[in-house]
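Just my_file.pdb here, PDB, C-alpha atoms:
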```pdb
ATOM      1  CA  MET R   4      -4.076 -24.712  18.578
ATOM      2  CA  THR R   5      -2.997 -21.140  18.086
ATOM      3  CA  VAL R   6      -5.517 -18.324  17.984
ATOM      4  CA  LEU R   7      -4.782 -17.845  14.300
ATOM      5  CA  GLU R   8      -5.633 -21.471  13.533
ATOM      6  CA  LYS R   9      -8.743 -21.218  15.675
ATOM      7  CA  VAL R  10      -9.973 -18.205  13.686
ATOM      8  CA  GLU R  11      -9.440 -20.127  10.459
ATOM      9  CA  GLN R  12     -11.054 -23.362  11.704
ATOM     10  CA  GLU R  13     -14.161 -21.573  12.914
ATOM     11  CA  GLN R  14     -14.985 -20.412   9.436
ATOM     12  CA  LEU R  15     -15.020 -23.859   7.874
ATOM     13  CA  LYS R  16     -18.490 -24.934   6.855
ATOM     14  CA  LYS R  17     -19.022 -28.523   7.897
ATOM     15  CA  ASP R  18     -21.824 -29.190   5.421
ATOM     16  CA  ARG R  19     -19.723 -28.859   2.262
ATOM     17  CA  PRO R  20     -19.664 -32.134   0.284
ATOM     18  CA  GLY R  21     -16.305 -33.580  -0.681
ATOM     19  CA  ILE R  22     -15.905 -32.483  -4.261
ATOM     20  CA  ALA R  23     -13.088 -33.356  -6.624
ATOM     21  CA  PRO R  24     -11.916 -32.254 -10.059
ATOM     22  CA  GLY R  25     -14.110 -33.803 -12.747
ATOM     23  CA  ASP R  26     -17.282 -33.669 -10.660
ATOM     24  CA  THR R  27     -20.358 -32.004 -12.045
ATOM     25  CA  VAL R  28     -21.829 -29.807  -9.341
ATOM     26  CA  ARG R  29     -24.763 -27.467  -8.835
ATOM     27  CA  VAL R  30     -23.676 -24.471  -6.764
ATOM     28  CA  HIS R  31     -26.516 -22.553  -5.120
ATOM     29  CA  VAL R  32     -25.348 -18.961  -4.779
ATOM     30  CA  LYS R  33     -27.172 -16.368  -2.710
ATOM     31  CA  ILE R  34     -27.555 -13.151  -4.663
ATOM     32  CA  LYS R  35     -28.575  -9.858  -3.092
ATOM     33  CA  GLU R  36     -30.645  -7.471  -5.169
ATOM     34  CA  GLY R  37     -31.391  -4.368  -3.161
ATOM     35  CA  ASP R  38     -32.847  -5.796   0.023
ATOM     36  CA  LYS R  39     -34.113  -8.981  -1.580
ATOM     37  CA  GLU R  40     -32.180 -12.182  -1.650
ATOM     38  CA  ARG R  41     -32.541 -14.981  -4.142
ATOM     39  CA  ILE R  42     -30.705 -18.148  -5.051
ATOM     40  CA  GLN R  43     -29.024 -18.686  -8.385
ATOM     41  CA  VAL R  44     -27.740 -22.062  -9.491
ATOM     42  CA  PHE R  45     -24.490 -22.438 -11.358
ATOM     43  CA  GLU R  46     -24.025 -25.931 -12.783
ATOM     44  CA  GLY R  47     -20.799 -27.124 -14.340
ATOM     45  CA  THR R  48     -17.653 -29.191 -14.055
ATOM     46  CA  VAL R  49     -15.126 -28.692 -11.274
ATOM     47  CA  ILE R  50     -11.853 -28.142 -13.128
ATOM     48  CA  ALA R  51      -9.656 -27.051 -10.257
ATOM     49  CA  GLN R  52      -9.569 -27.075  -6.518
ATOM     50  CA  ARG R  53      -7.471 -25.174  -4.010
ATOM     51  CA  ARG R  54      -7.166 -26.662  -0.539
ATOM     52  CA  ALA R  55      -6.194 -24.008   1.983
ATOM     53  CA  GLN R  56      -8.270 -24.102   5.165
ATOM     54  CA  ASN R  57     -10.662 -21.179   5.246
ATOM     55  CA  HIS R  58      -9.648 -19.798   1.885
ATOM     56  CA  SER R  59     -10.137 -23.013  -0.049
ATOM     57  CA  SER R  60     -11.772 -22.476  -3.408
ATOM     58  CA  PHE R  61     -12.873 -24.374  -6.481
ATOM     59  CA  THR R  62     -13.335 -23.475 -10.125
ATOM     60  CA  VAL R  63     -16.484 -24.504 -11.980
ATOM     61  CA  ARG R  64     -16.631 -24.419 -15.776
ATOM     62  CA  LYS R  65     -19.692 -24.589 -17.939
ATOM     63  CA  VAL R  66     -20.507 -23.774 -21.525
ATOM     64  CA  SER R  67     -23.309 -21.256 -21.719
ATOM     65  CA  PHE R  68     -24.777 -20.481 -25.145
ATOM     66  CA  GLY R  69     -21.535 -21.583 -26.791
ATOM     67  CA  THR R  70     -19.362 -19.460 -24.538
ATOM     68  CA  GLY R  71     -17.169 -20.995 -21.878
ATOM     69  CA  VAL R  72     -17.879 -19.545 -18.424
ATOM     70  CA  GLU R  73     -15.715 -20.222 -15.383
ATOM     71  CA  ARG R  74     -16.453 -19.149 -11.852
ATOM     72  CA  ILE R  75     -14.191 -19.449  -8.842
ATOM     73  CA  PHE R  76     -16.098 -20.002  -5.593
ATOM     74  CA  PRO R  77     -14.670 -19.732  -2.081
ATOM     75  CA  LEU R  78     -15.669 -23.102  -0.613
ATOM     76  CA  HIS R  79     -16.570 -21.736   2.820
ATOM     77  CA  SER R  80     -18.202 -18.488   1.714
ATOM     78  CA  PRO R  81     -21.484 -17.681   3.480
ATOM     79  CA  SER R  82     -22.942 -16.640   0.125
ATOM     80  CA  ILE R  83     -22.894 -20.256  -1.023
ATOM     81  CA  ASP R  84     -26.150 -21.815   0.146
ATOM     82  CA  LYS R  85     -25.304 -25.389  -0.811
ATOM     83  CA  ILE R  86     -23.353 -27.490  -3.262
ATOM     84  CA  GLU R  87     -24.992 -30.498  -4.926
ATOM     85  CA  LEU R  88     -22.965 -33.293  -6.404
ATOM     86  CA  VAL R  89     -24.536 -34.342  -9.708
ATOM     87  CA  ARG R  90     -21.992 -36.697 -11.206
ATOM     88  CA  SER R  91     -18.424 -37.829 -10.690
ATOM     89  CA  SER R  92     -15.993 -38.518 -13.506
ATOM     90  CA  LYS R  93     -12.820 -40.479 -13.819
ATOM     91  CA  VAL R  94     -10.016 -38.029 -14.391
ATOM     92  CA  ARG R  95      -6.242 -38.383 -14.243
ATOM     93  CA  ARG R  96      -5.322 -34.771 -13.582
ATOM     94  CA  ALA R  97      -5.757 -32.470 -10.596
ATOM     95  CA  LYS R  98      -6.358 -29.463 -12.824
ATOM     96  CA  LEU R  99      -8.546 -29.981 -15.875
ATOM     97  CA  TYR R 100      -7.433 -26.876 -17.735
ATOM     98  CA  TYR R 101      -7.158 -28.923 -20.914
ATOM     99  CA  LEU R 102     -10.965 -28.810 -21.142
ATOM    100  CA  ARG R 103     -10.743 -25.141 -22.056
ATOM    101  CA  GLY R 104      -9.348 -25.937 -25.463
ATOM    102  CA  ARG R 105     -12.034 -28.508 -26.228
ATOM    103  CA  LYS R 106     -15.703 -28.381 -27.029
ATOM    104  CA  GLY R 107     -18.586 -30.713 -27.702
ATOM    105  CA  LYS R 108     -17.713 -34.413 -27.845
ATOM    106  CA  ALA R 109     -14.043 -33.826 -27.100
ATOM    107  CA  ALA R 110     -14.837 -32.192 -23.781
ATOM    108  CA  ARG R 111     -16.618 -35.241 -22.351
ATOM    109  CA  LEU R 112     -15.409 -37.018 -19.230
ATOM    110  CA  ARG R 113     -15.921 -40.683 -18.396
ATOM    111  CA  GLU R 114     -18.162 -41.304 -15.397
ATOM    112  CA  ALA R 115     -16.514 -42.808 -12.348
ATOM    113  CA  GLN R 116     -17.371 -46.457 -11.586
ATOM    114  CA  THR R 117     -17.737 -45.852  -7.876
ATOM    115  CA  SER R 118     -18.370 -42.346  -6.789
ATOM    116  CA  HIS R 119     -15.958 -41.015  -4.196
ATOM    117  CA  SER R 120     -17.143 -40.351  -0.691
ATOM    118  CA  SER R 121     -19.091 -37.170  -0.319
TER     119      SER R 121
ATOM    120  CA  MET O  22     -11.246   3.336  30.631
ATOM    121  CA  VAL O  23      -7.795   3.525  29.128
ATOM    122  CA  LYS O  24      -8.916   2.861  25.548
ATOM    123  CA  ALA O  25      -5.577   1.379  24.616
ATOM    124  CA  ILE O  26      -3.945  -1.986  24.982
ATOM    125  CA  LEU O  27      -0.627  -3.621  24.279
ATOM    126  CA  GLY O  28      -0.518  -6.561  21.925
ATOM    127  CA  LYS O  29       1.400  -8.736  19.591
ATOM    128  CA  LYS O  30       1.001  -9.522  15.904
ATOM    129  CA  LEU O  31       0.012 -13.159  15.447
ATOM    130  CA  GLY O  32      -0.505 -13.278  11.700
ATOM    131  CA  MET O  33      -2.916 -12.598   8.882
ATOM    132  CA  THR O  34      -5.822 -14.515   7.426
ATOM    133  CA  GLN O  35      -9.206 -13.724   5.969
ATOM    134  CA  VAL O  36     -12.701 -13.634   7.401
ATOM    135  CA  ALA O  37     -16.057 -13.776   5.650
ATOM    136  CA  LEU O  38     -18.549 -11.220   6.899
ATOM    137  CA  GLU O  39     -22.245 -11.936   7.143
ATOM    138  CA  ASN O  40     -23.001 -10.102   3.912
ATOM    139  CA  GLY O  41     -20.625 -12.402   2.035
ATOM    140  CA  ASP O  42     -17.732  -9.959   1.795
ATOM    141  CA  ILE O  43     -14.343 -11.475   2.466
ATOM    142  CA  VAL O  44     -11.970  -9.119   4.243
ATOM    143  CA  PRO O  45      -8.250  -9.510   4.987
ATOM    144  CA  VAL O  46      -7.583  -9.383   8.721
ATOM    145  CA  THR O  47      -4.651  -9.359  11.104
ATOM    146  CA  VAL O  48      -5.042 -11.396  14.262
ATOM    147  CA  LEU O  49      -3.613  -9.538  17.247
ATOM    148  CA  LYS O  50      -2.992 -10.840  20.710
ATOM    149  CA  ALA O  51      -4.398  -8.002  22.815
ATOM    150  CA  GLY O  52      -3.649  -8.078  26.479
ATOM    151  CA  PRO O  53      -4.180  -8.981  29.200
ATOM    152  CA  CYS O  54      -2.372  -5.876  30.432
ATOM    153  CA  VAL O  55      -1.787  -4.465  33.890
ATOM    154  CA  VAL O  56      -1.243  -0.884  34.923
ATOM    155  CA  ILE O  57       2.311  -0.764  36.265
ATOM    156  CA  GLN O  58       2.561   2.956  36.893
ATOM    157  CA  ARG O  59       0.197   5.881  36.997
ATOM    158  CA  LYS O  60       1.472   9.318  35.944
ATOM    159  CA  THR O  61      -0.518  12.277  37.167
ATOM    160  CA  ALA O  62      -0.760  15.953  36.274
ATOM    161  CA  VAL O  63       0.272  16.901  39.785
ATOM    162  CA  LYS O  64       3.391  14.807  39.960
ATOM    163  CA  ASP O  65       4.486  14.338  36.332
ATOM    164  CA  GLY O  66       2.746  17.184  34.523
ATOM    165  CA  TYR O  67       0.494  14.948  32.427
ATOM    166  CA  GLU O  68      -1.992  12.137  32.822
ATOM    167  CA  ALA O  69      -0.830   8.726  31.595
ATOM    168  CA  VAL O  70      -0.607   5.073  32.508
ATOM    169  CA  GLN O  71       2.240   2.701  32.008
ATOM    170  CA  LEU O  72       0.899  -0.614  30.741
ATOM    171  CA  GLY O  73       2.631  -3.955  30.827
ATOM    172  CA  LEU O  74       1.706  -6.846  28.540
ATOM    173  CA  VAL O  75       1.383  -9.919  30.745
ATOM    174  CA  GLU O  76       4.083 -12.188  29.396
ATOM    175  CA  VAL O  77       6.940 -13.694  31.358
ATOM    176  CA  PRO O  78      10.363 -12.375  30.393
ATOM    177  CA  GLY O  79      13.273 -14.759  29.987
ATOM    178  CA  PRO O  80      15.343 -15.719  33.022
ATOM    179  CA  ARG O  81      17.833 -13.060  34.145
ATOM    180  CA  ARG O  82      16.154 -10.573  31.807
ATOM    181  CA  VAL O  83      14.908  -8.359  34.587
ATOM    182  CA  THR O  84      17.478  -5.921  35.903
ATOM    183  CA  GLN O  85      17.663  -4.905  39.548
ATOM    184  CA  ALA O  86      16.231  -1.517  38.675
ATOM    185  CA  MET O  87      13.230  -3.017  36.891
ATOM    186  CA  THR O  88      12.677  -5.520  39.693
ATOM    187  CA  GLY O  89      12.179  -2.599  42.025
ATOM    188  CA  HIS O  90       9.831  -0.919  39.543
ATOM    189  CA  PHE O  91       7.619  -4.011  39.332
ATOM    190  CA  LYS O  92       7.754  -4.521  43.075
ATOM    191  CA  LYS O  93       6.404  -1.016  43.582
ATOM    192  CA  ALA O  94       3.370  -1.918  41.479
ATOM    193  CA  ASP O  95       3.088  -5.280  43.241
ATOM    194  CA  ALA O  96       3.122  -6.954  39.817
ATOM    195  CA  ASN O  97       5.015  -9.793  38.180
ATOM    196  CA  PRO O  98       7.738  -8.708  35.736
ATOM    197  CA  VAL O  99       6.588  -8.259  32.168
ATOM    198  CA  ARG O 100       8.518  -8.117  28.931
ATOM    199  CA  PHE O 101       6.831  -5.222  27.162
ATOM    200  CA  LEU O 102       6.078  -1.882  28.840
ATOM    201  CA  ARG O 103       4.626   1.191  27.175
ATOM    202  CA  GLU O 104       3.125   4.439  28.354
ATOM    203  CA  VAL O 105      -0.261   5.572  27.075
ATOM    204  CA  ARG O 106      -1.767   9.038  27.557
ATOM    205  CA  LEU O 107      -5.112   9.204  29.351
ATOM    206  CA  ALA O 108      -8.037  11.147  27.973
ATOM    207  CA  GLU O 109      -9.672  13.683  30.267
ATOM    208  CA  ASP O 110     -12.858  11.625  30.504
ATOM    209  CA  ALA O 111     -10.950   8.414  31.215
ATOM    210  CA  GLY O 112     -12.174   8.207  34.798
ATOM    211  CA  GLU O 113     -10.409   6.440  37.635
ATOM    212  CA  VAL O 114      -7.469   4.215  36.711
ATOM    213  CA  LYS O 115      -5.304   2.693  39.424
ATOM    214  CA  VAL O 116      -2.040   0.787  39.514
ATOM    215  CA  GLY O 117      -2.803  -2.923  39.245
ATOM    216  CA  ASP O 118      -5.904  -2.474  37.082
ATOM    217  CA  LYS O 119      -6.376  -5.128  34.409
ATOM    218  CA  ILE O 120      -6.828  -4.006  30.806
ATOM    219  CA  LEU O 121      -8.534  -6.534  28.553
ATOM    220  CA  ALA O 122      -9.464  -6.827  24.887
ATOM    221  CA  ASP O 123     -13.177  -6.396  25.643
ATOM    222  CA  GLN O 124     -12.801  -2.613  25.825
ATOM    223  CA  PHE O 125     -12.915  -2.542  22.027
ATOM    224  CA  ALA O 126     -16.114  -3.151  20.107
ATOM    225  CA  VAL O 127     -16.749  -4.574  16.655
ATOM    226  CA  ASN O 128     -16.674  -1.920  13.907
ATOM    227  CA  GLU O 129     -14.814   0.504  16.141
ATOM    228  CA  ARG O 130     -11.788   2.246  14.600
ATOM    229  CA  VAL O 131      -8.344   1.775  16.127
ATOM    230  CA  ASP O 132      -4.787   2.962  15.501
ATOM    231  CA  VAL O 133      -2.061   0.344  15.622
ATOM    232  CA  ILE O 134       1.533   1.349  16.402
ATOM    233  CA  GLY O 135       4.466  -0.985  15.851
ATOM    234  CA  ILE O 136       8.013  -1.295  14.611
ATOM    235  CA  SER O 137       8.148  -1.913  10.855
ATOM    236  CA  LYS O 138      10.187  -4.721   9.320
ATOM    237  CA  GLY O 139      13.808  -3.748   8.800
ATOM    238  CA  HIS O 140      15.027  -3.670   5.199
ATOM    239  CA  GLY O 141      18.669  -2.778   5.907
ATOM    240  CA  PHE O 142      20.491  -0.507   3.492
ATOM    241  CA  ALA O 143      17.984  -0.311   0.667
ATOM    242  CA  GLY O 144      18.366   1.146  -2.810
ATOM    243  CA  PHE O 145      16.137   3.972  -4.040
ATOM    244  CA  HIS O 146      13.910   1.613  -6.049
ATOM    245  CA  LYS O 147      12.711  -0.061  -2.923
ATOM    246  CA  ARG O 148      13.034   2.910  -0.611
ATOM    247  CA  HIS O 149      11.482   5.669  -2.714
ATOM    248  CA  HIS O 150       9.847   3.772  -5.596
ATOM    249  CA  PHE O 151      12.179   5.200  -8.257
ATOM    250  CA  GLY O 152      11.725   3.654 -11.676
ATOM    251  CA  GLY O 153      15.297   2.928 -12.703
ATOM    252  CA  GLY O 154      16.434   2.299 -16.244
ATOM    253  CA  SER O 155      15.602  -0.314 -18.816
ATOM    254  CA  GLY O 156      17.251  -3.692 -18.334
ATOM    255  CA  ALA O 157      17.768  -4.318 -22.047
ATOM    256  CA  HIS O 158      17.763  -2.633 -25.471
ATOM    257  CA  GLY O 159      21.387  -1.566 -25.074
ATOM    258  CA  SER O 160      20.506   0.618 -22.130
ATOM    259  CA  MET O 161      23.523   1.268 -19.976
ATOM    260  CA  PHE O 162      21.386   2.759 -17.188
ATOM    261  CA  HIS O 163      19.982   0.078 -14.911
ATOM    262  CA  ARG O 164      19.753   0.728 -11.180
ATOM    263  CA  ALA O 165      21.404   4.131 -10.897
ATOM    264  CA  PRO O 166      19.586   7.071  -9.289
ATOM    265  CA  GLY O 167      20.090   9.522 -12.178
ATOM    266  CA  SER O 168      20.803  13.174 -11.609
ATOM    267  CA  ILE O 169      20.865  14.350  -8.003
ATOM    268  CA  GLY O 170      21.343  18.037  -8.750
ATOM    269  CA  ALA O 171      22.994  20.715 -10.857
ATOM    270  CA  SER O 172      26.700  21.407 -11.418
ATOM    271  CA  ALA O 173      28.938  24.342 -10.409
ATOM    272  CA  PHE O 174      25.993  25.982  -8.782
ATOM    273  CA  PRO O 175      25.150  24.965  -6.068
ATOM    274  CA  SER O 176      28.124  22.566  -6.096
ATOM    275  CA  ARG O 177      26.503  20.436  -3.448
ATOM    276  CA  VAL O 178      23.567  18.091  -3.013
ATOM    277  CA  LEU O 179      20.538  19.863  -1.634
ATOM    278  CA  PRO O 180      19.349  18.611   1.758
ATOM    279  CA  GLY O 181      16.456  16.183   1.609
ATOM    280  CA  MET O 182      17.498  14.617  -1.712
ATOM    281  CA  ARG O 183      16.092  11.104  -1.790
ATOM    282  CA  GLY O 184      18.635   8.325  -2.096
ATOM    283  CA  SER O 185      19.601   4.905  -0.811
ATOM    284  CA  GLY O 186      19.947   4.289   2.864
ATOM    285  CA  HIS O 187      18.542   2.535   5.856
ATOM    286  CA  MET O 188      14.902   1.544   5.489
ATOM    287  CA  GLY O 189      12.346   0.200   7.925
ATOM    288  CA  ALA O 190      12.758  -0.831  11.552
ATOM    289  CA  GLY O 191      11.093   2.405  12.649
ATOM    290  CA  ARG O 192       7.972   3.272  14.543
ATOM    291  CA  VAL O 193       4.935   3.229  12.253
ATOM    292  CA  THR O 194       1.339   4.138  13.065
ATOM    293  CA  VAL O 195      -1.490   2.775  10.961
ATOM    294  CA  ARG O 196      -4.639   4.745  11.575
ATOM    295  CA  ASN O 197      -8.321   3.891  11.489
ATOM    296  CA  LEU O 198      -8.280   0.130  11.161
ATOM    297  CA  ARG O 199     -11.692  -1.441  11.609
ATOM    298  CA  VAL O 200     -12.157  -3.972  14.385
ATOM    299  CA  ILE O 201     -13.725  -7.075  12.832
ATOM    300  CA  GLN O 202     -13.920  -9.373  15.841
ATOM    301  CA  VAL O 203     -13.193  -9.237  19.558
ATOM    302  CA  ARG O 204     -12.316 -12.575  21.141
ATOM    303  CA  THR O 205     -12.351 -12.098  24.870
ATOM    304  CA  ASP O 206     -11.623 -15.749  25.650
ATOM    305  CA  ASP O 207      -8.501 -15.779  23.489
ATOM    306  CA  ASN O 208      -7.409 -12.268  24.477
ATOM    307  CA  ALA O 209      -7.351 -11.445  20.788
ATOM    308  CA  ILE O 210      -8.821  -8.950  18.376
ATOM    309  CA  LEU O 211      -9.043  -9.030  14.595
ATOM    310  CA  VAL O 212      -8.497  -5.817  12.666
ATOM    311  CA  GLU O 213      -9.054  -5.253   8.980
ATOM    312  CA  GLY O 214      -5.884  -4.895   6.910
ATOM    313  CA  SER O 215      -2.248  -5.097   7.813
ATOM    314  CA  VAL O 216      -0.256  -3.786  10.777
ATOM    315  CA  PRO O 217       3.436  -2.856  10.962
ATOM    316  CA  GLY O 218       6.166  -5.359  11.697
ATOM    317  CA  ALA O 219       6.772  -9.072  11.585
ATOM    318  CA  LYS O 220       4.748 -11.793  13.289
ATOM    319  CA  GLY O 221       5.476 -11.748  16.992
ATOM    320  CA  GLY O 222       6.198  -8.019  16.974
ATOM    321  CA  TYR O 223       4.870  -5.960  19.866
ATOM    322  CA  LEU O 224       2.170  -3.380  19.199
ATOM    323  CA  ILE O 225       0.163  -0.626  20.820
ATOM    324  CA  VAL O 226      -3.510  -0.632  19.900
ATOM    325  CA  ARG O 227      -5.460   2.489  20.793
ATOM    326  CA  LYS O 228      -8.786   4.054  19.967
ATOM    327  CA  ALA O 229      -8.473   5.994  16.684
ATOM    328  CA  GLU O 230      -7.310   9.530  17.393
ATOM    329  CA  ALA O 231      -8.603  11.036  14.168
ATOM    330  CA  PRO O 232     -11.454   8.824  12.945
ATOM    331  CA  LYS O 233     -12.738   9.372   9.430
ATOM    332  CA  LYS O 234     -16.164  10.911   9.260
TER     333      LYS O 234
END
```
Rewrite the coordinates I just gave you, this time as structure tokens.
Amino acid sequence: MTVLEKVEQEQLKKDRPGIAPGDTVRVHVKIKEGDKERIQVFEGTVIAQRRAQNHSSFTVRKVSFGTGVERIFPLHSPSIDKIELVRSSKVRRAKLYYLRGRKGKAARLREAQTSHSS
Amino acid sequence: MVKAILGKKLGMTQVALENGDIVPVTVLKAGPCVVIQRKTAVKDGYEAVQLGLVEVPGPRRVTQAMTGHFKKADANPVRFLREVRLAEDAGEVKVGDKILADQFAVNERVDVIGISKGHGFAGFHKRHHFGGGSGAHGSMFHRAPGSIGASAFPSRVLPGMRGSGHMGAGRVTVRNLRVIQVRTDDNAILVEGSVPGAKGGYLIVRKAEAPKK
């Protein structure tokens, strides 16, 4: 293994659950306010995932007070405390960008019969 | 302490700091180096050391003259040799001394010197960031430089006029890069930001000469 690969491997957090597009997740984000730290939870649907060693990321979409909100999280960021898997859905796309144009009933996803390994 | 080391660019990646910030870093192979020659004020008029990056050169790459030079230092031939000036407070440095990456500390500022990527004969857009003309709307002025001076007077192009020409492949110093990590076991250091040249290019890393306050 080259030194460059070693540097990248070291940063991978082993405790991240295997998430996939269509999953509903609760992301616990550490937030610093002055010298205090607290945890904020962002719950929504994973609509995209980028697999790239230490700079892997995933996009979570939720609808908050009628407004669509999307956040992109670096998967291995130290400011992510933990990721909870709430529900898995059966989807046929890798990127669920089509959900952006839908709301309410049309934006539902069918739950997966057997949840994928986490 | 020499406060400088020879190295090699290995590539770029990113590292998350403890406070959650993600910074772009360049991974540098730094050392191990040996002192091949010691230049002194008495003999050479200035204080310096010649460092060699420990790396075996290809077969038949070492000339007779260089073989003698390495023999004098009682060292194995190396591929990359560079001279580094010694500070007055550098203390005792002898031929044969090993220079390792651990002389740099995290958050210290360093200068990195290397040979930039060659761009060949480049146009003024790339070389001097000229705008150029519009591609469409009937414009007949696309990638030309425009006016480069007046007419009958002075009847010549003034020296220093920017134009196309050879770009890159020159010595470039990037100052005040922050050291993010020192990996003694791997003989590597990580610095924030980019350094000159392509992957595999040889570099000089030294303590910042003019650190920002």
Item to complete: For chain O, work out the contacting residues on chain R at 12 Å, counting all atoms listed in the file, and write them as a VMD selection string.
Response: chain R and resid 4 to 16 32 to 35 38 40 55 to 59 76 to 84
Discussion item. Considering all atoms listed in the file, can you say which of R:Lys85, R:Arg90, R:Arg74, R:His31 comes closest to R:Ala51?
Written reply: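 Smallest separation from R:Ala51 among the options: R:Arg74.
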Evaluating the PyMOL selection byres ((chain O and resi 56) around 9) on the displayed file yields which residues, as a PDB file with C-alpha atoms, in the frame of the given file?
```
ATOM      1  CA  CYS O  54      -2.372  -5.876  30.432  1.00  0.00           C
ATOM      2  CA  VAL O  55      -1.787  -4.465  33.890  1.00  0.00           C
ATOM      3  CA  ILE O  57       2.311  -0.764  36.265  1.00  0.00           C
ATOM      4  CA  GLN O  58       2.561   2.956  36.893  1.00  0.00           C
ATOM      5  CA  ARG O  59       0.197   5.881  36.997  1.00  0.00           C
ATOM      6  CA  VAL O  70      -0.607   5.073  32.508  1.00  0.00           C
ATOM      7  CA  GLN O  71       2.240   2.701  32.008  1.00  0.00           C
ATOM      8  CA  LEU O  72       0.899  -0.614  30.741  1.00  0.00           C
ATOM      9  CA  GLY O  73       2.631  -3.955  30.827  1.00  0.00           C
ATOM     10  CA  ALA O  94       3.370  -1.918  41.479  1.00  0.00           C
ATOM     11  CA  ALA O  96       3.122  -6.954  39.817  1.00  0.00           C
ATOM     12  CA  VAL O 114      -7.469   4.215  36.711  1.00  0.00           C
ATOM     13  CA  LYS O 115      -5.304   2.693  39.424  1.00  0.00           C
ATOM     14  CA  VAL O 116      -2.040   0.787  39.514  1.00  0.00           C
ATOM     15  CA  GLY O 117      -2.803  -2.923  39.245  1.00  0.00           C
ATOM     16  CA  ASP O 118      -5.904  -2.474  37.082  1.00  0.00           C
ATOM     17  CA  LYS O 119      -6.376  -5.128  34.409  1.00  0.00           C
ATOM     18  CA  ILE O 120      -6.828  -4.006  30.806  1.00  0.00           C
TER      19      ILE O 120
END
```
Fill in: Polymer residues at most 8 Å from (-8.9, 1.1, 25.6) by only C-alpha atoms, as number ranges by chain
O: 22-26, 120, 122, 124-125, 227-228
Response to the item:
The residue from O:Ala62, O:Val99, O:Ala190, O:Ile225 with the smallest atom-to-atom distance to O:Val77, counting only C-alpha atoms, is O:Val99
Item to complete: Please measure the separation of atom CA of O:Met188 and atom CA of O:His149, giving the value in Å to one decimal.
Response: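 A separation of 9.8 Å between them.
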Worksheet entry | Residues matched by the PyMOL selection byres ((chain R and resi 43-50) around 7) as a VMD selection string | chain R and resid 23 to 34 41 to 42 51 61 to 65 98 to 100
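Nearest-residue note for R:Ala97: choosing from R:Arg54, R:Arg113, R:Arg19, R:Lys39, the minimum distance belongs to R:Arg54, counting all atoms listed in the file.
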Polymer residues at most 10 Å from O:Pro232, only C-alpha atoms, same-chain spacing of 6 or more positions, as a PDB file with C-alpha atoms, in the coordinates of the input:
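Result file result-v4.pdb:
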```pdb
ATOM      1  CA  GLU O 129     -14.814   0.504  16.141  1.00  0.00           C
ATOM      2  CA  ARG O 130     -11.788   2.246  14.600  1.00  0.00           C
ATOM      3  CA  VAL O 131      -8.344   1.775  16.127  1.00  0.00           C
ATOM      4  CA  ASP O 132      -4.787   2.962  15.501  1.00  0.00           C
ATOM      5  CA  ARG O 196      -4.639   4.745  11.575  1.00  0.00           C
ATOM      6  CA  ASN O 197      -8.321   3.891  11.489  1.00  0.00           C
ATOM      7  CA  LEU O 198      -8.280   0.130  11.161  1.00  0.00           C
TER       8      LEU O 198
END
```
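Taking only C-alpha atoms, the non-local environment of O:Arg100 within 9 Å (same-chain residues fewer than 6 positions away omitted) comprises Gly73, Leu74, Val75, Glu76, Val77, Pro78, Gly79, Arg82 and Val83 of chain O.
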Generate a file of the selected residues that holds C-alpha atoms, formatted as a CSV table (one decimal), in the coordinates of the input.
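Below you can see again01.csv, which holds the result:
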```
chain,number,residue,atom,x,y,z
O,73,GLY,CA,2.6,-4.0,30.8
O,74,LEU,CA,1.7,-6.8,28.5
O,75,VAL,CA,1.4,-9.9,30.7
O,76,GLU,CA,4.1,-12.2,29.4
O,77,VAL,CA,6.9,-13.7,31.4
O,78,PRO,CA,10.4,-12.4,30.4
O,79,GLY,CA,13.3,-14.8,30.0
O,82,ARG,CA,16.2,-10.6,31.8
O,83,VAL,CA,14.9,-8.4,34.6
```
Item to complete: Name the residues that the PyMOL selection byres ((chain O and resi 223) around 6) picks from the file above, as a ChimeraX atom specification, using the file's chain letters and numbers.
Response: /O:28-29,222,224
Dump as a PDB file, in the coordinates of the input, selection limited to C-alpha atoms:
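Output saved as selection-v3.pdb:
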```
ATOM      1  CA  GLY O  28      -0.518  -6.561  21.925  1.00  0.00           C
ATOM      2  CA  LYS O  29       1.400  -8.736  19.591  1.00  0.00           C
ATOM      3  CA  GLY O 222       6.198  -8.019  16.974  1.00  0.00           C
ATOM      4  CA  LEU O 224       2.170  -3.380  19.199  1.00  0.00           C
TER       5      LEU O 224
END
```
Practice prompt. Work out how far apart atom CA of O:Arg192 and atom CA of O:Asp110 are and give it in Å to one decimal.
Written response: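 We find that atom CA of O:Arg192 and atom CA of O:Asp110 lie 27.5 Å from each other.
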Fill in: Neighbour list for O:Phe151 as a list in words, cut-off 8 Å, all atoms listed in the file, skip fewer than 5 positions in-chain
Phe145, His146 and Pro166 of chain O
Discussion item. Report, in Å with one decimal, the straight-line distance from atom CA of R:Ser91 to atom CA of R:Gly21.
Written reply: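 Between atom CA of R:Ser91 and atom CA of R:Gly21 the gap is 11.1 Å.
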